[in-house]
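> Dumping the structure here so I can ask a few things about it.
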Amino acid sequence: MSEPTRGLGKDLCGRVHAVTGAECYLPDTHYPRPHQALSGDSWHDGLCSECAGSGLVSDILCPSCNGTAFEPLTPY
Ligand SMILES: [Zn+2]
Ligand SMILES: [Zn+2]
């Protein structure tokens with residue numbers, strides 16, 4: 001296999017901040033550095049403790065993570 005490797009636009013993190021809705025634009029290899037959005041926001045997050053990553057609690061959108069399944073670990 002000799003396919004040329006194209007770095008642009010591949011495997012972006014794309015994680016959405018549960019509170020602000022900002023989207024991480026870093027490559028998905030940025031871990032363990034924090035997520036960062038184009039707006040300058042940066043944050044760490046982890047699996048939501050309310051819904052355990054399902055995004056739903058009792059069949060409604062999880063209020064803790066807004067359905068993103070992750071919640072910020074650092075106070076915003
Ligand atoms: Zn990220
Ligand atoms: Zn949740």
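Ordering of the structure tokens sets the chain letters (A, B, ...); residue numbers start at 1 within each chain; ligands are numbered from 1 in the order shown.
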For chain A versus ligand 1, which residues have an atom no more than 12 Å away, and what is each residue's nearest atom pair and distance in Å rounded to one decimal, using only C-alpha atoms and all ligand atoms, chain-then-number order, as CSV?


residue,atom,partner,partner_atom_place_in_ligand_line,distance
A:Asp11,CA,ligand 1,1 (Zn),10.6
A:Leu12,CA,ligand 1,1 (Zn),7.7
A:Cys13,CA,ligand 1,1 (Zn),4.5
A:Gly14,CA,ligand 1,1 (Zn),6.0
A:Arg15,CA,ligand 1,1 (Zn),5.2
A:Val16,CA,ligand 1,1 (Zn),8.0
A:His17,CA,ligand 1,1 (Zn),9.2
A:Ala22,CA,ligand 1,1 (Zn),10.4
A:Glu23,CA,ligand 1,1 (Zn),7.8
A:Cys24,CA,ligand 1,1 (Zn),4.6
A:Tyr25,CA,ligand 1,1 (Zn),6.6
A:Leu26,CA,ligand 1,1 (Zn),5.6
A:Pro27,CA,ligand 1,1 (Zn),7.0
A:Asp28,CA,ligand 1,1 (Zn),6.1
A:Thr29,CA,ligand 1,1 (Zn),8.3
A:His30,CA,ligand 1,1 (Zn),6.6
A:Tyr31,CA,ligand 1,1 (Zn),7.4
A:Pro32,CA,ligand 1,1 (Zn),9.3
A:Arg33,CA,ligand 1,1 (Zn),8.2
A:Pro34,CA,ligand 1,1 (Zn),6.6
A:His35,CA,ligand 1,1 (Zn),3.7
A:Gln36,CA,ligand 1,1 (Zn),6.1
A:Ala37,CA,ligand 1,1 (Zn),8.2
A:Leu38,CA,ligand 1,1 (Zn),11.3
A:Asp41,CA,ligand 1,1 (Zn),11.0
A:Ser42,CA,ligand 1,1 (Zn),8.8
A:Trp43,CA,ligand 1,1 (Zn),8.4
A:His44,CA,ligand 1,1 (Zn),8.4
A:Asp45,CA,ligand 1,1 (Zn),9.1
A:Gly46,CA,ligand 1,1 (Zn),11.2
A:Phe70,CA,ligand 1,1 (Zn),11.6
A:Pro72,CA,ligand 1,1 (Zn),11.8

> Please save N, CA and C atoms of the selected residues as an mmCIF file, in the first residue's frame.


data_model
loop_
_atom_site.group_PDB
_atom_site.id
_atom_site.type_symbol
_atom_site.label_atom_id
_atom_site.label_comp_id
_atom_site.auth_asym_id
_atom_site.auth_seq_id
_atom_site.Cartn_x
_atom_site.Cartn_y
_atom_site.Cartn_z
ATOM 1 N N ASP A 11 -9.464 13.073 10.824
ATOM 2 C CA ASP A 11 -9.486 12.681 12.223
ATOM 3 C C ASP A 11 -9.382 13.867 13.178
ATOM 4 N N LEU A 12 -10.234 14.837 12.963
ATOM 5 C CA LEU A 12 -10.314 15.916 13.944
ATOM 6 C C LEU A 12 -11.087 15.439 15.161
ATOM 7 N N CYS A 13 -10.773 16.049 16.277
ATOM 8 C CA CYS A 13 -11.427 15.657 17.523
ATOM 9 C C CYS A 13 -12.934 15.945 17.444
ATOM 10 N N GLY A 14 -13.260 17.212 17.198
ATOM 11 C CA GLY A 14 -14.662 17.561 16.999
ATOM 12 C C GLY A 14 -15.512 17.492 18.247
ATOM 13 N N ARG A 15 -14.886 17.330 19.377
ATOM 14 C CA ARG A 15 -15.657 17.259 20.624
ATOM 15 C C ARG A 15 -16.361 18.586 20.884
ATOM 16 N N VAL A 16 -17.606 18.501 21.283
ATOM 17 C CA VAL A 16 -18.382 19.702 21.547
ATOM 18 C C VAL A 16 -18.427 19.965 23.043
ATOM 19 N N HIS A 17 -18.172 21.215 23.418
ATOM 20 C CA HIS A 17 -18.241 21.586 24.826
ATOM 21 C C HIS A 17 -19.688 21.487 25.308
ATOM 22 N N ALA A 22 -19.051 24.982 21.967
ATOM 23 C CA ALA A 22 -17.873 25.177 21.136
ATOM 24 C C ALA A 22 -17.340 23.820 20.679
ATOM 25 N N GLU A 23 -16.775 23.791 19.484
ATOM 26 C CA GLU A 23 -16.305 22.535 18.915
ATOM 27 C C GLU A 23 -14.785 22.513 18.841
ATOM 28 N N CYS A 24 -14.198 21.431 19.309
ATOM 29 C CA CYS A 24 -12.744 21.286 19.299
ATOM 30 C C CYS A 24 -12.252 21.109 17.869
ATOM 31 N N TYR A 25 -11.259 21.884 17.491
ATOM 32 C CA TYR A 25 -10.749 21.793 16.118
ATOM 33 C C TYR A 25 -9.398 21.107 16.050
ATOM 34 N N LEU A 26 -8.903 20.624 17.178
ATOM 35 C CA LEU A 26 -7.603 19.965 17.184
ATOM 36 C C LEU A 26 -7.710 18.544 16.614
ATOM 37 N N PRO A 27 -6.600 17.999 16.126
ATOM 38 C CA PRO A 27 -6.611 16.588 15.716
ATOM 39 C C PRO A 27 -6.954 15.705 16.911
ATOM 40 N N ASP A 28 -7.502 14.537 16.645
ATOM 41 C CA ASP A 28 -7.938 13.712 17.767
ATOM 42 C C ASP A 28 -6.767 13.092 18.521
ATOM 43 N N THR A 29 -5.562 13.454 18.112
ATOM 44 C CA THR A 29 -4.385 12.977 18.835
ATOM 45 C C THR A 29 -3.905 13.983 19.870
ATOM 46 N N HIS A 30 -4.714 15.028 20.114
ATOM 47 C CA HIS A 30 -4.240 16.076 21.020
ATOM 48 C C HIS A 30 -4.207 15.648 22.470
ATOM 49 N N TYR A 31 -4.909 14.567 22.811
ATOM 50 C CA TYR A 31 -4.865 14.081 24.180
ATOM 51 C C TYR A 31 -3.407 13.850 24.611
ATOM 52 N N PRO A 32 -3.008 14.192 25.826
ATOM 53 C CA PRO A 32 -3.819 14.684 26.942
ATOM 54 C C PRO A 32 -3.934 16.207 27.023
ATOM 55 N N ARG A 33 -3.568 16.913 25.973
ATOM 56 C CA ARG A 33 -3.793 18.351 26.002
ATOM 57 C C ARG A 33 -5.284 18.625 25.953
ATOM 58 N N PRO A 34 -5.707 19.777 26.488
ATOM 59 C CA PRO A 34 -7.144 20.050 26.531
ATOM 60 C C PRO A 34 -7.724 20.282 25.134
ATOM 61 N N HIS A 35 -9.027 20.106 25.053
ATOM 62 C CA HIS A 35 -9.730 20.473 23.824
ATOM 63 C C HIS A 35 -9.620 21.976 23.612
ATOM 64 N N GLN A 36 -9.651 22.388 22.364
ATOM 65 C CA GLN A 36 -9.603 23.818 22.086
ATOM 66 C C GLN A 36 -10.500 24.154 20.910
ATOM 67 N N ALA A 37 -11.252 25.262 21.069
ATOM 68 C CA ALA A 37 -12.134 25.712 20.000
ATOM 69 C C ALA A 37 -11.529 26.915 19.293
ATOM 70 N N LEU A 38 -12.027 27.183 18.091
ATOM 71 C CA LEU A 38 -11.509 28.313 17.329
ATOM 72 C C LEU A 38 -11.697 29.633 18.075
ATOM 73 N N ASP A 41 -11.577 29.059 23.413
ATOM 74 C CA ASP A 41 -11.923 28.279 24.588
ATOM 75 C C ASP A 41 -11.121 26.981 24.617
ATOM 76 N N SER A 42 -10.669 26.613 25.796
ATOM 77 C CA SER A 42 -10.060 25.295 25.936
ATOM 78 C C SER A 42 -10.615 24.642 27.181
ATOM 79 N N TRP A 43 -10.716 23.339 27.132
ATOM 80 C CA TRP A 43 -11.340 22.652 28.253
ATOM 81 C C TRP A 43 -10.952 21.189 28.267
ATOM 82 N N HIS A 44 -11.012 20.621 29.473
ATOM 83 C CA HIS A 44 -10.932 19.175 29.631
ATOM 84 C C HIS A 44 -12.341 18.658 29.869
ATOM 85 N N ASP A 45 -12.631 17.481 29.437
ATOM 86 C CA ASP A 45 -13.909 16.887 29.801
ATOM 87 C C ASP A 45 -13.749 15.396 30.027
ATOM 88 N N GLY A 46 -14.784 14.804 30.506
ATOM 89 C CA GLY A 46 -14.752 13.374 30.775
ATOM 90 C C GLY A 46 -16.134 12.796 30.581
ATOM 91 N N PHE A 70 -20.454 13.967 27.429
ATOM 92 C CA PHE A 70 -19.255 14.363 28.167
ATOM 93 C C PHE A 70 -19.550 15.634 28.954
ATOM 94 N N PRO A 72 -17.644 18.934 31.178
ATOM 95 C CA PRO A 72 -16.366 19.610 31.456
ATOM 96 C C PRO A 72 -15.830 19.226 32.828
#

> Could you list the protein, DNA and RNA residues that have any atom within 6 Å of ligand 2, counting only C-alpha atoms and all ligand atoms, and write them as number ranges by chain?

A: 48, 50-51, 53, 55, 62, 64-65, 67, 69

> Keeping only N, CA and C atoms, write those residues as an mmCIF file, in the first residue's frame.


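The result, stored in result02.cif:
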data_model
loop_
_atom_site.group_PDB
_atom_site.id
_atom_site.type_symbol
_atom_site.label_atom_id
_atom_site.label_comp_id
_atom_site.auth_asym_id
_atom_site.auth_seq_id
_atom_site.Cartn_x
_atom_site.Cartn_y
_atom_site.Cartn_z
ATOM 1 N N CYS A 48 -19.685 11.711 31.013
ATOM 2 C CA CYS A 48 -20.683 12.325 31.889
ATOM 3 C C CYS A 48 -21.046 11.387 33.032
ATOM 4 N N GLU A 50 -23.619 11.793 34.987
ATOM 5 C CA GLU A 50 -25.067 11.696 35.155
ATOM 6 C C GLU A 50 -25.664 10.579 34.301
ATOM 7 N N CYS A 51 -25.263 10.547 33.048
ATOM 8 C CA CYS A 51 -25.877 9.596 32.113
ATOM 9 C C CYS A 51 -24.909 8.494 31.709
ATOM 10 N N GLY A 53 -22.549 8.540 29.775
ATOM 11 C CA GLY A 53 -22.148 8.575 28.373
ATOM 12 C C GLY A 53 -23.257 8.290 27.383
ATOM 13 N N GLY A 55 -26.026 10.163 27.117
ATOM 14 C CA GLY A 55 -26.631 11.425 26.687
ATOM 15 C C GLY A 55 -28.080 11.564 27.097
ATOM 16 N N CYS A 62 -29.908 14.578 28.709
ATOM 17 C CA CYS A 62 -29.208 14.717 29.980
ATOM 18 C C CYS A 62 -28.919 16.191 30.266
ATOM 19 N N SER A 64 -26.948 17.479 32.387
ATOM 20 C CA SER A 64 -25.576 17.745 32.791
ATOM 21 C C SER A 64 -24.656 17.943 31.591
ATOM 22 N N CYS A 65 -24.894 17.175 30.532
ATOM 23 C CA CYS A 65 -23.989 17.223 29.381
ATOM 24 C C CYS A 65 -24.692 17.670 28.107
ATOM 25 N N GLY A 67 -26.569 16.112 26.284
ATOM 26 C CA GLY A 67 -26.617 15.042 25.296
ATOM 27 C C GLY A 67 -25.301 14.778 24.611
ATOM 28 N N ALA A 69 -22.732 13.585 26.088
ATOM 29 C CA ALA A 69 -22.197 12.414 26.778
ATOM 30 C C ALA A 69 -20.904 12.726 27.524
#

> Interatomic distance between atom CA of A:Ser49 and atom CA of A:Glu71?

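Between atom CA of A:Ser49 and atom CA of A:Glu71 the gap is 7.8 Å.
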
> I need the strand (DSSP E or B) residues of chain A per DSSP on the backbone, written as a PyMOL selection string.

chain A and resi 12+16+23-24+27+35-37+42-43+45-47+56-57+60-61+70-72

> Give me a file of those residues, with C-alpha atoms, as a PDB file, in the first residue's frame.


ATOM      1  CA  LEU A  12     -10.314  15.916  13.944  1.00  0.00           C
ATOM      2  CA  VAL A  16     -18.382  19.702  21.547  1.00  0.00           C
ATOM      3  CA  GLU A  23     -16.305  22.535  18.915  1.00  0.00           C
ATOM      4  CA  CYS A  24     -12.744  21.286  19.299  1.00  0.00           C
ATOM      5  CA  PRO A  27      -6.611  16.588  15.716  1.00  0.00           C
ATOM      6  CA  HIS A  35      -9.730  20.473  23.824  1.00  0.00           C
ATOM      7  CA  GLN A  36      -9.603  23.818  22.086  1.00  0.00           C
ATOM      8  CA  ALA A  37     -12.134  25.712  20.000  1.00  0.00           C
ATOM      9  CA  SER A  42     -10.060  25.295  25.936  1.00  0.00           C
ATOM     10  CA  TRP A  43     -11.340  22.652  28.253  1.00  0.00           C
ATOM     11  CA  ASP A  45     -13.909  16.887  29.801  1.00  0.00           C
ATOM     12  CA  GLY A  46     -14.752  13.374  30.775  1.00  0.00           C
ATOM     13  CA  LEU A  47     -17.521  10.849  30.467  1.00  0.00           C
ATOM     14  CA  LEU A  56     -30.022  10.533  28.080  1.00  0.00           C
ATOM     15  CA  VAL A  57     -31.406  10.332  31.582  1.00  0.00           C
ATOM     16  CA  ILE A  60     -34.807  12.891  28.276  1.00  0.00           C
ATOM     17  CA  LEU A  61     -31.750  14.836  27.199  1.00  0.00           C
ATOM     18  CA  PHE A  70     -19.255  14.363  28.167  1.00  0.00           C
ATOM     19  CA  GLU A  71     -19.050  17.007  30.838  1.00  0.00           C
ATOM     20  CA  PRO A  72     -16.366  19.610  31.456  1.00  0.00           C
TER      21      PRO A  72
END
